[in-house]
file query09.txt (compact mmCIF, C-alpha atoms)
# COMPACT_ATOMS: atom_id res chain seq x y z
CA MET A 12 -27.32 1.79 11.68
CA ARG A 13 -24.62 3.55 13.71
CA ARG A 14 -24.36 7.33 13.92
CA ALA A 15 -20.76 7.67 15.11
CA ALA A 16 -19.80 9.46 11.89
CA PHE A 17 -21.54 12.59 13.18
CA LEU A 18 -18.88 12.92 15.87
CA PHE A 19 -15.93 12.92 13.49
CA PRO A 20 -14.32 16.25 12.47
CA LEU A 21 -15.35 17.23 8.96
CA VAL A 22 -12.66 17.77 6.36
CA LEU A 23 -14.04 19.91 3.55
CA PHE A 24 -12.84 20.28 -0.02
CA PHE A 25 -14.47 23.23 -1.75
CA GLY A 26 -15.34 23.28 -5.43
CA ALA A 27 -15.30 26.40 -7.57
CA GLY A 28 -18.16 28.85 -7.50
CA VAL A 29 -19.33 28.52 -3.88
CA ALA A 30 -21.44 31.53 -3.09
CA ALA A 31 -19.99 33.72 -0.37
CA ALA A 32 -23.43 34.29 1.18
CA ALA A 33 -24.18 30.57 1.61
CA GLU A 34 -24.30 29.08 5.11
CA PRO A 35 -20.88 27.56 5.98
CA PRO A 36 -20.71 23.80 5.34
CA GLN A 37 -19.58 23.08 8.91
CA ALA A 38 -22.65 24.84 10.31
CA LEU A 39 -24.89 22.94 7.89
CA PHE A 40 -23.21 19.68 8.85
CA ASP A 41 -23.70 20.29 12.57
CA ARG A 42 -27.32 21.35 12.14
CA ALA A 43 -28.11 18.36 9.91
CA GLY A 44 -26.54 16.03 12.48
CA ALA A 45 -28.66 17.54 15.26
CA ALA A 46 -31.80 17.14 13.14
CA TYR A 47 -30.95 13.48 12.51
CA ARG A 48 -30.50 12.80 16.21
CA GLU A 49 -33.92 14.37 16.86
CA GLY A 50 -35.51 12.08 14.28
CA LYS A 51 -36.04 14.89 11.74
CA PHE A 52 -34.63 12.88 8.85
CA ASP A 53 -36.13 15.04 6.10
CA GLU A 54 -34.55 18.16 7.58
CA ALA A 55 -31.22 16.34 8.01
CA ALA A 56 -31.28 15.23 4.38
CA ARG A 57 -31.90 18.81 3.20
CA GLY A 58 -28.92 19.99 5.21
CA TYR A 59 -26.54 17.44 3.70
CA GLU A 60 -27.94 18.12 0.23
CA ALA A 61 -27.16 21.81 0.76
CA ILE A 62 -23.54 20.95 1.61
CA LEU A 63 -23.16 18.91 -1.57
CA ALA A 64 -24.76 21.73 -3.57
CA GLN A 65 -21.90 23.97 -2.43
CA GLY A 66 -19.37 21.69 -4.10
CA VAL A 67 -18.12 19.97 -0.96
CA HIS A 68 -16.69 16.49 -1.54
CA ASP A 69 -16.44 14.44 1.65
CA PRO A 70 -17.41 10.78 2.16
CA ARG A 71 -18.99 11.54 5.53
CA VAL A 72 -21.47 13.95 3.97
CA HIS A 73 -22.55 11.29 1.46
CA TYR A 74 -22.65 8.66 4.20
CA ASN A 75 -24.79 10.73 6.55
CA LEU A 76 -27.09 11.73 3.71
CA ALA A 77 -27.49 8.05 2.86
CA ASN A 78 -28.45 7.33 6.48
CA ALA A 79 -31.07 10.10 6.39
CA TYR A 80 -32.53 8.75 3.15
CA PHE A 81 -32.56 5.22 4.57
CA LYS A 82 -34.52 6.38 7.63
CA GLN A 83 -37.10 7.88 5.26
CA GLY A 84 -37.41 4.58 3.40
CA ARG A 85 -35.89 6.03 0.23
CA LEU A 86 -33.77 3.03 -0.74
CA GLY A 87 -32.69 4.27 -4.17
CA PRO A 88 -31.16 7.56 -2.99
CA ALA A 89 -29.73 5.84 0.10
CA ILE A 90 -27.91 3.20 -1.95
CA LEU A 91 -26.67 5.86 -4.38
CA GLU A 92 -25.12 7.90 -1.54
CA TYR A 93 -23.60 4.85 0.16
CA GLU A 94 -21.98 3.97 -3.18
CA ARG A 95 -20.66 7.52 -3.57
CA SER A 96 -19.31 7.49 -0.03
CA LEU A 97 -17.43 4.26 -0.72
CA ARG A 98 -16.04 5.65 -3.96
CA LEU A 99 -14.41 8.41 -1.91
CA ASP A 100 -13.44 6.16 1.03
CA PRO A 101 -13.32 2.45 0.09
CA SER A 102 -12.03 1.57 3.58
CA ASP A 103 -15.27 2.61 5.34
CA ASP A 104 -16.62 -0.70 6.64
CA GLU A 105 -19.61 0.97 8.28
CA ALA A 106 -20.77 2.40 4.96
CA ARG A 107 -20.20 -0.99 3.33
CA ASP A 108 -22.30 -2.73 6.01
CA ASN A 109 -25.11 -0.20 5.69
CA LEU A 110 -25.05 -0.56 1.91
CA ALA A 111 -25.41 -4.33 2.27
CA LEU A 112 -28.31 -3.78 4.69
CA ALA A 113 -30.08 -1.46 2.25
CA ARG A 114 -29.54 -3.84 -0.65
CA GLY A 115 -31.04 -6.65 1.40
CA LEU A 116 -34.36 -4.77 1.39
CA LEU A 117 -34.57 -4.44 -2.41
CA ARG A 118 -37.27 -6.17 -4.40
CA ASP A 119 -34.84 -7.12 -7.18
CA LYS A 120 -32.40 -9.83 -6.14
CA VAL A 121 -29.91 -9.83 -9.01
CA THR A 122 -26.98 -12.20 -8.59
CA GLU A 123 -23.87 -12.34 -10.73
CA PRO A 124 -23.08 -15.77 -12.21
CA GLU A 125 -20.45 -17.59 -10.15
CA LEU A 126 -17.11 -17.60 -11.93
CA GLN A 127 -14.78 -20.56 -11.86
CA TYR A 128 -11.89 -20.27 -9.41
CA PRO A 129 -9.04 -19.29 -11.79
CA VAL A 130 -11.21 -16.80 -13.71
CA ARG A 131 -12.53 -15.25 -10.49
CA VAL A 132 -9.04 -14.80 -9.07
CA LEU A 133 -7.81 -13.22 -12.33
CA LYS A 134 -10.81 -10.84 -12.43
CA GLU A 135 -10.32 -9.77 -8.80
CA THR A 136 -6.58 -9.27 -9.37
CA ILE A 137 -7.15 -7.08 -12.43
CA GLU A 138 -9.74 -4.96 -10.63
CA THR A 139 -7.42 -4.28 -7.66
CA LEU A 140 -4.29 -3.45 -9.68
CA PRO A 141 -3.78 0.29 -10.28
CA SER A 142 -3.90 1.27 -13.96
CA GLY A 143 -0.32 2.61 -13.65
CA VAL A 144 0.96 -0.88 -12.80
CA LEU A 145 -0.85 -2.40 -15.78
CA THR A 146 0.40 0.31 -18.13
CA GLY A 147 3.97 -0.04 -16.86
CA GLY A 148 3.86 -3.84 -17.19
CA PHE A 149 2.51 -3.60 -20.73
CA LEU A 150 5.24 -1.15 -21.83
CA VAL A 151 8.08 -3.10 -20.20
CA PHE A 152 7.14 -6.44 -21.74
CA TRP A 153 6.14 -4.92 -25.09
CA PHE A 154 9.46 -3.15 -25.60
CA GLY A 155 11.28 -6.16 -24.17
CA ALA A 156 9.67 -8.35 -26.84
CA TRP A 157 10.67 -5.98 -29.65
CA GLY A 158 14.16 -5.65 -28.18
CA ALA A 159 14.61 -9.42 -28.20
CA MET A 160 13.32 -9.60 -31.78
CA GLY A 161 15.75 -6.89 -32.82
CA LEU A 162 18.69 -8.95 -31.53
CA VAL A 163 17.76 -12.04 -33.55
CA PRO A 164 19.19 -10.91 -36.93
CA VAL A 165 22.51 -9.74 -35.42
CA THR A 166 23.11 -12.89 -33.36
CA ALA A 167 25.52 -15.34 -34.98
CA SER A 168 24.65 -18.45 -32.98
CA TRP A 169 21.62 -20.39 -34.22
CA VAL A 170 20.88 -21.61 -30.70
CA ARG A 171 20.92 -18.06 -29.31
CA ARG A 172 18.70 -16.83 -32.14
CA ARG A 173 16.22 -19.55 -31.31
CA LEU A 174 16.28 -18.69 -27.60
CA LEU A 175 15.82 -15.00 -28.40
CA GLY A 176 12.86 -15.88 -30.62
CA TYR A 177 11.21 -17.91 -27.86
CA GLY A 178 11.95 -15.14 -25.37
CA ALA A 179 10.43 -12.49 -27.64
CA LEU A 180 7.31 -14.64 -28.08
CA ALA A 181 6.96 -15.13 -24.32
CA LEU A 182 7.45 -11.43 -23.60
CA GLY A 183 4.94 -10.55 -26.32
CA LEU A 184 2.31 -12.85 -24.82
CA VAL A 185 2.81 -11.34 -21.37
CA ALA A 186 2.55 -7.84 -22.89
CA LEU A 187 -0.72 -8.80 -24.59
CA THR A 188 -2.03 -10.10 -21.26
CA PHE A 189 -1.22 -6.79 -19.57
CA GLY A 190 -2.77 -4.93 -22.50
CA ALA A 191 -5.99 -6.96 -22.29
CA ALA A 192 -6.17 -6.37 -18.52
CA LEU A 193 -5.67 -2.64 -19.07
CA LEU A 194 -8.47 -2.55 -21.66
CA TYR A 195 -10.77 -4.50 -19.32
CA GLN A 196 -10.08 -2.11 -16.45
CA ALA A 197 -10.60 0.94 -18.68
CA ARG A 198 -13.90 -0.51 -19.89
CA GLN A 199 -15.08 -1.07 -16.32
CA VAL A 200 -14.28 2.52 -15.38
CA SER A 201 -15.70 4.17 -18.48
CA ALA A 202 -18.96 2.20 -18.46
CA GLY A 203 -20.14 3.73 -15.22
CA VAL A 204 -22.60 2.44 -12.66
CA GLY A 205 -26.07 3.77 -12.00
CA ILE A 206 -28.80 3.27 -9.41
CA VAL A 207 -32.48 3.05 -10.32
CA MET A 208 -34.22 6.01 -8.69
CA ALA A 209 -37.83 5.42 -9.82
CA ASP A 210 -40.17 3.04 -8.02
CA ARG A 211 -40.23 0.75 -11.06
CA VAL A 212 -38.74 0.99 -14.53
CA ASP A 213 -39.51 -1.07 -17.62
CA VAL A 214 -36.35 -2.10 -19.47
CA ARG A 215 -37.04 -2.11 -23.20
CA SER A 216 -35.41 -3.71 -26.23
CA GLY A 217 -34.57 -0.32 -27.75
CA PRO A 218 -34.48 3.43 -27.03
CA GLY A 219 -38.18 4.29 -27.22
CA GLU A 220 -41.60 3.60 -25.71
CA GLU A 221 -42.61 1.63 -28.80
CA ASN A 222 -40.04 -1.09 -28.08
CA THR A 223 -40.83 -4.34 -26.27
CA VAL A 224 -40.57 -4.50 -22.47
CA LEU A 225 -37.92 -7.12 -21.67
CA PHE A 226 -38.07 -7.00 -17.88
CA THR A 227 -38.77 -4.61 -15.01
CA VAL A 228 -36.43 -3.29 -12.32
CA HIS A 229 -37.23 -1.42 -9.13
CA GLU A 230 -35.81 1.36 -6.99
CA GLY A 231 -32.27 0.80 -5.74
CA THR A 232 -31.21 -1.75 -8.37
CA ARG A 233 -27.58 -1.35 -9.41
CA MET A 234 -26.95 -1.35 -13.18
CA GLU A 235 -24.02 -0.76 -15.51
CA LEU A 236 -24.47 2.21 -17.82
CA ARG A 237 -23.49 1.60 -21.44
CA HIS A 238 -24.58 4.13 -24.06
CA SER A 239 -27.03 7.03 -24.29
CA VAL A 240 -29.29 7.92 -27.21
CA GLU A 241 -31.24 11.13 -26.69
CA ALA A 242 -33.38 10.56 -23.56
CA TRP A 243 -32.56 6.84 -23.24
CA THR A 244 -29.68 4.92 -21.63
CA GLN A 245 -28.57 1.38 -22.39
CA VAL A 246 -28.03 -0.60 -19.19
CA SER A 247 -27.06 -4.11 -18.15
CA LEU A 248 -27.39 -6.23 -15.01
CA PRO A 249 -24.67 -8.45 -13.51
CA ASN A 250 -26.57 -11.53 -14.71
CA GLY A 251 -26.19 -10.45 -18.35
CA LEU A 252 -29.67 -9.01 -18.96
CA SER A 253 -29.58 -5.70 -20.80
CA GLY A 254 -31.85 -3.16 -22.42
CA TRP A 255 -32.83 0.51 -22.50
CA VAL A 256 -34.38 2.75 -19.82
CA PRO A 257 -35.35 6.44 -19.68
CA ALA A 258 -32.22 8.40 -18.78
CA GLY A 259 -33.94 10.14 -15.88
CA SER A 260 -34.81 6.86 -14.16
CA VAL A 261 -31.19 6.06 -13.24
CA GLU A 262 -28.53 8.21 -11.64
CA LYS A 263 -24.82 7.67 -12.03
CA VAL A 264 -22.81 6.89 -8.91

call {"tool": "encode", "arguments": {"input": "query09.txt", "output": "structure tokens"}}
result
Amino acid sequence: MRRAAFLFPLVLFFGAGVAAAAEPPQALFDRAGAAYREGKFDEAARGYEAILAQGVHDPRVHYNLANAYFKQGRLGPAILEYERSLRLDPSDDEARDNLALARGLLRDKVTEPELQYPVRVLKETIETLPSGVLTGGFLVFWFGAWGAMGLVPVTASWVRRRLLGYGALALGLVALTFGAALLYQARQVSAGVGIVMADRVDVRSGPGEENTVLFTVHEGTRMELRHSVEAWTQVSLPNGLSGWVPAGSVEKV
């Protein structure tokens, strides 16, 4: 795992309510980096945690904290921080490589079912399109469809009315496609993703200890978060398995 990120200048974004008496984030960052280089990974982790506790949002802080956790063998927290780093900076190939390395050490090898070529391409396209593009496309084609329908009654030619009808139908179908893609993207964002933080967690058929254990997951496993009921969270794996876990056993990315 490379440490070059420690040499980069730190750009800090401060949240509200940072105590004036707290040690400056830059000083904490430098001290944590020195501790990491000396092999004091626990001390380095505490330094980066202190920066985050001050409301600082920077991918390098999450990345370096992930490295410190990884060196301590804490795969769950390491994967969580790599994921958070990539949320802030998706272009960081080093963080992506280290995340893949950490995932390769997990006990749970969960694979997503292989999608057929056209479906996979459509899914990847939807996930990469900004929501503004999908919303704009939906509105343009939706109003275009209604506009074409509105011209049908006032058009004298039967041939033109028929063409307008076909055009309205085609525009409506495209609008529905954009709408479905927008709903899919919104669902993906709102569901949330969590990382298992406990050594092992039993996934149950319902929210409560009295329910049947369906399967067991281990630290570092990535799961989609669905719903919460009191102290329980409904989760699902990429392979379709789902159930309920104690809310404190997973942490949202």

call {"tool": "closest_residue", "arguments": {"input": "query09.txt", "among": "A:Gly217, A:Leu184, A:Arg171, A:Gly231", "to": "Ala111 (chain A)", "atoms": "all atoms listed in the file"}}
result
A:Gly231

call {"tool": "residues_around", "arguments": {"input": "query09.txt", "residues": "Ser260 (chain A)", "least_positions_apart": "2", "cutoff": "6 Å", "atoms": "all atoms listed in the file", "output": "VMD selection string"}}
result
chain A and resid 207 to 209 257 to 258

call {"tool": "closest_residue", "arguments": {"input": "query09.txt", "among": "A:Thr166, A:Val121, A:Phe154, A:Ala79", "to": "Leu252 (chain A)", "atoms": "all atoms listed in the file"}}
result
A:Val121

call {"tool": "atom_distance", "arguments": {"input": "query09.txt", "atom1": "CA of Glu34 (chain A)", "atom2": "CA of Tyr80 (chain A)"}}
result
22.0 Å

call {"tool": "residues_around", "arguments": {"input": "query09.txt", "residues": "region 85-95 of chain A", "least_positions_apart": "4", "cutoff": "7 Å", "atoms": "only C-alpha atoms", "output": "short mmCIF file (atom, residue, chain, number, x, y, z; two decimals) with C-alpha atoms, keeping the file's coordinate frame"}}
result
data_model
loop_
_atom_site.label_atom_id
_atom_site.label_comp_id
_atom_site.auth_asym_id
_atom_site.auth_seq_id
_atom_site.Cartn_x
_atom_site.Cartn_y
_atom_site.Cartn_z
CA HIS A 73 -22.55 11.29 1.46
CA TYR A 74 -22.65 8.66 4.20
CA LEU A 76 -27.09 11.73 3.71
CA ALA A 77 -27.49 8.05 2.86
CA ASN A 78 -28.45 7.33 6.48
CA TYR A 80 -32.53 8.75 3.15
CA PHE A 81 -32.56 5.22 4.57
CA LEU A 99 -14.41 8.41 -1.91
CA ALA A 106 -20.77 2.40 4.96
CA LEU A 110 -25.05 -0.56 1.91
CA ALA A 113 -30.08 -1.46 2.25
CA ILE A 206 -28.80 3.27 -9.41
CA VAL A 207 -32.48 3.05 -10.32
CA MET A 208 -34.22 6.01 -8.69
CA GLU A 230 -35.81 1.36 -6.99
CA GLY A 231 -32.27 0.80 -5.74
CA VAL A 264 -22.81 6.89 -8.91
#

call {"tool": "residues_around", "arguments": {"input": "query09.txt", "residues": "Ser247 (chain A)", "least_positions_apart": "5", "cutoff": "6 Å", "atoms": "all atoms listed in the file", "output": "list in words"}}
result
Met234, Glu235, Leu252 and Ser253 of chain A

call {"tool": "atom_distance", "arguments": {"input": "query09.txt", "atom1": "CA of Asp119 (chain A)", "atom2": "CA of Ser216 (chain A)"}}
result
19.4 Å

call {"tool": "closest_residue", "arguments": {"input": "query09.txt", "among": "A:Lys82, A:Val165, A:Asn75, A:Lys120", "to": "Asn250 (chain A)", "atoms": "all atoms listed in the file"}}
result
A:Lys120

call {"tool": "decode", "arguments": {"input": "query09.txt", "residues": "region 141-233 of chain A", "atoms": "C-alpha atoms", "output": "mmCIF file, in the first residue's frame"}}
result
data_model
loop_
_atom_site.group_PDB
_atom_site.id
_atom_site.type_symbol
_atom_site.label_atom_id
_atom_site.label_comp_id
_atom_site.auth_asym_id
_atom_site.auth_seq_id
_atom_site.Cartn_x
_atom_site.Cartn_y
_atom_site.Cartn_z
ATOM 1 C CA PRO A 141 -26.289 12.550 -13.795
ATOM 2 C CA SER A 142 -29.817 12.803 -12.386
ATOM 3 C CA GLY A 143 -30.166 16.228 -14.064
ATOM 4 C CA VAL A 144 -29.760 14.632 -17.507
ATOM 5 C CA LEU A 145 -32.384 11.992 -16.729
ATOM 6 C CA THR A 146 -34.806 14.577 -15.344
ATOM 7 C CA GLY A 147 -34.296 16.863 -18.338
ATOM 8 C CA GLY A 148 -34.776 13.986 -20.797
ATOM 9 C CA PHE A 149 -37.962 12.881 -19.049
ATOM 10 C CA LEU A 150 -39.466 16.392 -19.114
ATOM 11 C CA VAL A 151 -38.534 17.067 -22.752
ATOM 12 C CA PHE A 152 -40.013 13.830 -24.091
ATOM 13 C CA TRP A 153 -43.019 13.916 -21.746
ATOM 14 C CA PHE A 154 -44.100 17.402 -22.797
ATOM 15 C CA GLY A 155 -43.206 16.582 -26.400
ATOM 16 C CA ALA A 156 -45.601 13.622 -26.274
ATOM 17 C CA TRP A 157 -48.433 15.736 -24.866
ATOM 18 C CA GLY A 158 -47.688 18.483 -27.377
ATOM 19 C CA ALA A 159 -47.976 16.034 -30.268
ATOM 20 C CA MET A 160 -51.222 14.660 -28.834
ATOM 21 C CA GLY A 161 -52.599 18.178 -28.526
ATOM 22 C CA LEU A 162 -52.027 18.796 -32.244
ATOM 23 C CA VAL A 163 -53.958 15.699 -33.339
ATOM 24 C CA PRO A 164 -57.500 17.141 -32.971
ATOM 25 C CA VAL A 165 -56.633 20.393 -34.797
ATOM 26 C CA THR A 166 -54.895 18.718 -37.742
ATOM 27 C CA ALA A 167 -57.068 18.387 -40.831
ATOM 28 C CA SER A 168 -55.085 15.738 -42.697
ATOM 29 C CA TRP A 169 -55.779 12.146 -41.645
ATOM 30 C CA VAL A 170 -52.248 11.126 -42.580
ATOM 31 C CA ARG A 171 -50.732 13.881 -40.438
ATOM 32 C CA ARG A 172 -52.998 12.991 -37.520
ATOM 33 C CA ARG A 173 -51.812 9.406 -37.764
ATOM 34 C CA LEU A 174 -48.159 10.463 -37.877
ATOM 35 C CA LEU A 175 -48.670 12.765 -34.891
ATOM 36 C CA GLY A 176 -50.288 9.887 -33.006
ATOM 37 C CA TYR A 177 -47.360 7.581 -33.710
ATOM 38 C CA GLY A 178 -44.932 10.364 -32.787
ATOM 39 C CA ALA A 179 -46.730 11.029 -29.494
ATOM 40 C CA LEU A 180 -46.629 7.307 -28.675
ATOM 41 C CA ALA A 181 -42.905 7.098 -29.427
ATOM 42 C CA LEU A 182 -42.130 10.210 -27.378
ATOM 43 C CA GLY A 183 -44.239 8.870 -24.519
ATOM 44 C CA LEU A 184 -42.361 5.566 -24.490
ATOM 45 C CA VAL A 185 -39.005 7.369 -24.423
ATOM 46 C CA ALA A 186 -40.278 9.585 -21.588
ATOM 47 C CA LEU A 187 -41.330 6.496 -19.617
ATOM 48 C CA THR A 188 -37.874 5.008 -20.166
ATOM 49 C CA PHE A 189 -36.225 8.153 -18.786
ATOM 50 C CA GLY A 190 -38.688 8.151 -15.895
ATOM 51 C CA ALA A 191 -37.941 4.514 -15.036
ATOM 52 C CA ALA A 192 -34.189 5.214 -15.179
ATOM 53 C CA LEU A 193 -34.650 8.219 -12.886
ATOM 54 C CA LEU A 194 -36.611 6.126 -10.379
ATOM 55 C CA TYR A 195 -33.959 3.396 -10.497
ATOM 56 C CA GLN A 196 -31.176 5.897 -9.865
ATOM 57 C CA ALA A 197 -33.111 7.536 -7.015
ATOM 58 C CA ARG A 198 -33.693 4.128 -5.454
ATOM 59 C CA GLN A 199 -29.997 3.290 -5.637
ATOM 60 C CA VAL A 200 -29.063 6.545 -3.925
ATOM 61 C CA SER A 201 -31.734 6.463 -1.236
ATOM 62 C CA ALA A 202 -31.158 2.825 -0.269
ATOM 63 C CA GLY A 203 -27.680 3.487 1.028
ATOM 64 C CA VAL A 204 -24.736 1.147 1.441
ATOM 65 C CA GLY A 205 -23.330 -0.160 4.695
ATOM 66 C CA ILE A 206 -20.273 -2.101 5.817
ATOM 67 C CA VAL A 207 -20.434 -4.851 8.445
ATOM 68 C CA MET A 208 -18.350 -3.696 11.410
ATOM 69 C CA ALA A 209 -18.757 -6.680 13.761
ATOM 70 C CA ASP A 210 -16.638 -9.815 13.482
ATOM 71 C CA ARG A 211 -19.715 -11.842 12.505
ATOM 72 C CA VAL A 212 -23.393 -11.012 12.229
ATOM 73 C CA ASP A 213 -26.363 -13.356 11.917
ATOM 74 C CA VAL A 214 -28.853 -12.164 9.304
ATOM 75 C CA ARG A 215 -32.368 -13.025 10.453
ATOM 76 C CA SER A 216 -35.733 -13.409 8.748
ATOM 77 C CA GLY A 217 -37.232 -10.521 10.729
ATOM 78 C CA PRO A 218 -36.363 -7.651 13.100
ATOM 79 C CA GLY A 219 -35.773 -9.549 16.348
ATOM 80 C CA GLU A 220 -33.643 -12.201 18.026
ATOM 81 C CA GLU A 221 -36.553 -14.641 17.949
ATOM 82 C CA ASN A 222 -36.487 -14.818 14.148
ATOM 83 C CA THR A 223 -34.710 -17.536 12.164
ATOM 84 C CA VAL A 224 -31.058 -17.078 11.196
ATOM 85 C CA LEU A 225 -30.930 -17.118 7.391
ATOM 86 C CA PHE A 226 -27.183 -16.743 6.897
ATOM 87 C CA THR A 227 -24.123 -15.175 8.512
ATOM 88 C CA VAL A 228 -21.901 -12.346 7.275
ATOM 89 C CA HIS A 229 -18.526 -11.196 8.545
ATOM 90 C CA GLU A 230 -16.589 -7.986 9.055
ATOM 91 C CA GLY A 231 -16.105 -5.868 5.946
ATOM 92 C CA THR A 232 -19.007 -7.285 3.923
ATOM 93 C CA ARG A 233 -20.740 -4.648 1.801
#
